[in-house]
Amino acid sequence: MRKFLALSILLITACSILTGCFLQERQTGLSANVFTTDRESQPTPDTTGFQRVLFPQPINFPQDFGPHPDFQTEWWYYTGNLDSQDGRHFGYQLTFFRRALQPADKIPARRSDWATHQVYMAHFALTDVAGEQYQAAERLSRGAAGLAGAQDEPFQVWLEDWQVNANGQDTYQIRARAEGSNGRQFAINLNLVDLKGPVLQGDRGFSIKGPEPGQASYYFSQTRLKTSGTIQAGDEKVEVQGYSWMDHEYSTSSLSEQQVGWDWFAMQFQQADVGPLPQLSELMVFQIRRADGSRDPFSSGTLIYPGGNTQRLDQDQFQIEVLDYWQSPHSGATYPAGWSIQIPEAELYLTVTPYLADQELNVSYAYWEGAVHITGSIQGSQVSGSGYVELTGYSGSMGGEF
């Protein structure tokens with residue numbers, strides 16, 4: 001699930017942290033303190049009345065690119081690795097989270113354009129490898145008055161002027177602009193072309209995260225989005241090209257108290273820097289970590305082949321070994337900072353290294369989400385590539401958060 005539950009947690013957390021923003025009872029039918037910075041005071045999320053992910057069901061396109069308001073939590077996750085003509089490397093992340101405050105049938109009719117039962121959060125980050133700069137920003141808004149929302153045909157998801165729009169069959173435009181903590185502007189204006197079509201993760205899009213009924217998501221990805229456009233880093237605007245990856249998940253679920261966080265990897269391979277490999281083009285794996293330090297048996301992954309065919313991976317079919325660590329000067333959390341990934345059955349042996357060590361988002365919830373470089377071999381062929389890694393639960397347990 002590209003971030004699989006990764007986003008879920010953030011969105012839920014976002015809904016408990018919109019600092020200074022309160023939806024009044026007259027607008028939402030809820031208590032005033034919908035958002036607070038005190039996570040420990042928050043009650044367990046009430047999922048009564050929302051649909052739950054209990055079994056595989058058909059996922060239809062293009063309709064299911066859009067929102068699923070009958071489920072409590074949803075996200076659209078875009079990441080990419082891009083290069084300029086002079087060889088500079090950039091990574092970007094633009095993610096949108098939707099969180100329902102109450103089931104639609106429980107919300108009384110209200111006349112105000114500001115009335116809503118949906119809250120949106122978005123994260124935008126840019127990694128400038130040559131400049132050794134990482135910048136990130138967060139926005140939160142109600143899904144009303146045109147401030148934020150999502151639709152299916154034509155597909156669009158937005159939060160103010162951060163947005164993704166379908167502008168033709170299998171083509172999209174992504175735009176976002178923000179100011180980093182250092183006062184530097186950063187922005188993207190990118191065109192994406194889907195070369196493969198959606199890839200269903202798990203069992204036909206049914207991705208199980210734990211043993212309880214409903215502890216799962218519906219999850220699909222676009223794993224090979226050819227990307228071109230411009231990136232702004234400070235006063236400089238750069239033409240770039242490369243590949244992006246999109247994850248879309250929706251669910252009404254939660255991690256168990258014993259599941260403290262996850263490590264998620266999305267990787268795109270090339271052979272001799274000339275193009276996708278003939279035998280394997282992408283890989284997604286995630287491992288859920290338990291409180292006792294062990295890996296949860298519901299960790300899994302997907303091998304993705306050039307034509308779009310996939311092979312599911314159970315947790316015992318892949319190994320992830322941490323090679324290095326990095327301690328954040330911002331949150332104080334210690335994160336893995338290099339990995340060996342092995343899938344013996346596929347003859348796949350990889351070394352994954354962050355382009356920059358400091359790619360931690362210090363927003364509503366501190367987590368590490370960053371661009372990584374890949375080297376290794378697949379079926380005896382030397383490969384390279386790029387990808388994105390997400391690390392949660394290192395600055396505090398995610399157990400029972402959503």
# chains A, B, ... in the order shown; residues from 1 in each chain; ligands from 1
$ residues_around --residues "Gly149 in chain A" --least-positions-apart "3" --cutoff "7 Å" --atoms "only C-alpha atoms" --output "MDAnalysis selection string"
chainID A and resid 143 157:159
$ closest_atom_pairs --of "range 135-232 of chain A" --to "range 312-331 of chain A" --cutoff "9 Å" --atoms "only C-alpha atoms" --output "CSV"
residue,atom,partner,partner_atom,distance
A:Gln201,CA,A:Arg312,CA,8.0
A:Gly202,CA,A:Arg312,CA,6.6
A:Asp203,CA,A:Arg312,CA,8.0
$ residues_around --residues "Ser395 in chain A" --least-positions-apart "3" --cutoff "8 Å" --atoms "only C-alpha atoms" --output "list in words"
Ser331, Gly332, Ala333, Thr334, Ala366, Tyr367 and Thr392 of chain A
$ atom_distance --atom1 "CA of Leu225 in chain A" --atom2 "CA of Gln85 in chain A"
18.9 Å
$ atom_distance --atom1 "CA of Lys196 in chain A" --atom2 "CA of Leu283 in chain A"
13.9 Å
$ residues_around --residues "Gln118 in chain A" --least-positions-apart "5" --cutoff "8 Å" --atoms "only C-alpha atoms" --output "list in words"
Arg98, Arg99, Ala100, Leu101, Arg142, Gly143 and Ala144 of chain A
$ closest_residue --among "A:Ile174, A:Ile374, A:Leu54, A:Ala122" --to "Phe269 in chain A" --atoms "only C-alpha atoms"
A:Ile374
$ select_by_dssp --residues "range 62-220 of chain A" --states "helix (DSSP H, G or I)" --output "list in words"
Gln63, Asp64, Phe65, Ala104, Asp105 and Lys106 of chain A
$ atom_distance --atom1 "CA of Gln135 in chain A" --atom2 "CA of Leu82 in chain A"
16.0 Å
$ residues_around --residues "Asp83 in chain A" --least-positions-apart "2" --cutoff "6 Å" --atoms "only C-alpha atoms" --output "number ranges by chain"
A: 87-89, 240-241
$ write_last_selection --atoms "C-alpha atoms" --output "mmCIF file, in the first residue's frame"
data_model
loop_
_atom_site.group_PDB
_atom_site.id
_atom_site.type_symbol
_atom_site.label_atom_id
_atom_site.label_comp_id
_atom_site.auth_asym_id
_atom_site.auth_seq_id
_atom_site.Cartn_x
_atom_site.Cartn_y
_atom_site.Cartn_z
ATOM 1 C CA GLY A 87 22.819 15.288 -13.674
ATOM 2 C CA ARG A 88 21.340 16.869 -10.545
ATOM 3 C CA HIS A 89 19.001 14.540 -8.659
ATOM 4 C CA VAL A 240 13.664 17.538 -14.856
ATOM 5 C CA GLN A 241 12.573 14.094 -15.981
#
$ closest_residue --among "A:Leu391, A:Val352, A:Met121, A:Ala187" --to "Trp368 in chain A" --atoms "only C-alpha atoms"
A:Leu391
$ select_by_dssp --residues "range 298-333 of chain A" --states "strand (DSSP E)" --output "ChimeraX atom specification"
/A:300-304,310-314,319-322,325-327
$ residues_around --residues "Leu190 in chain A" --least-positions-apart "3" --cutoff "6 Å" --atoms "only C-alpha atoms" --output "PyMOL selection string"
chain A and resi 173-174+228-229
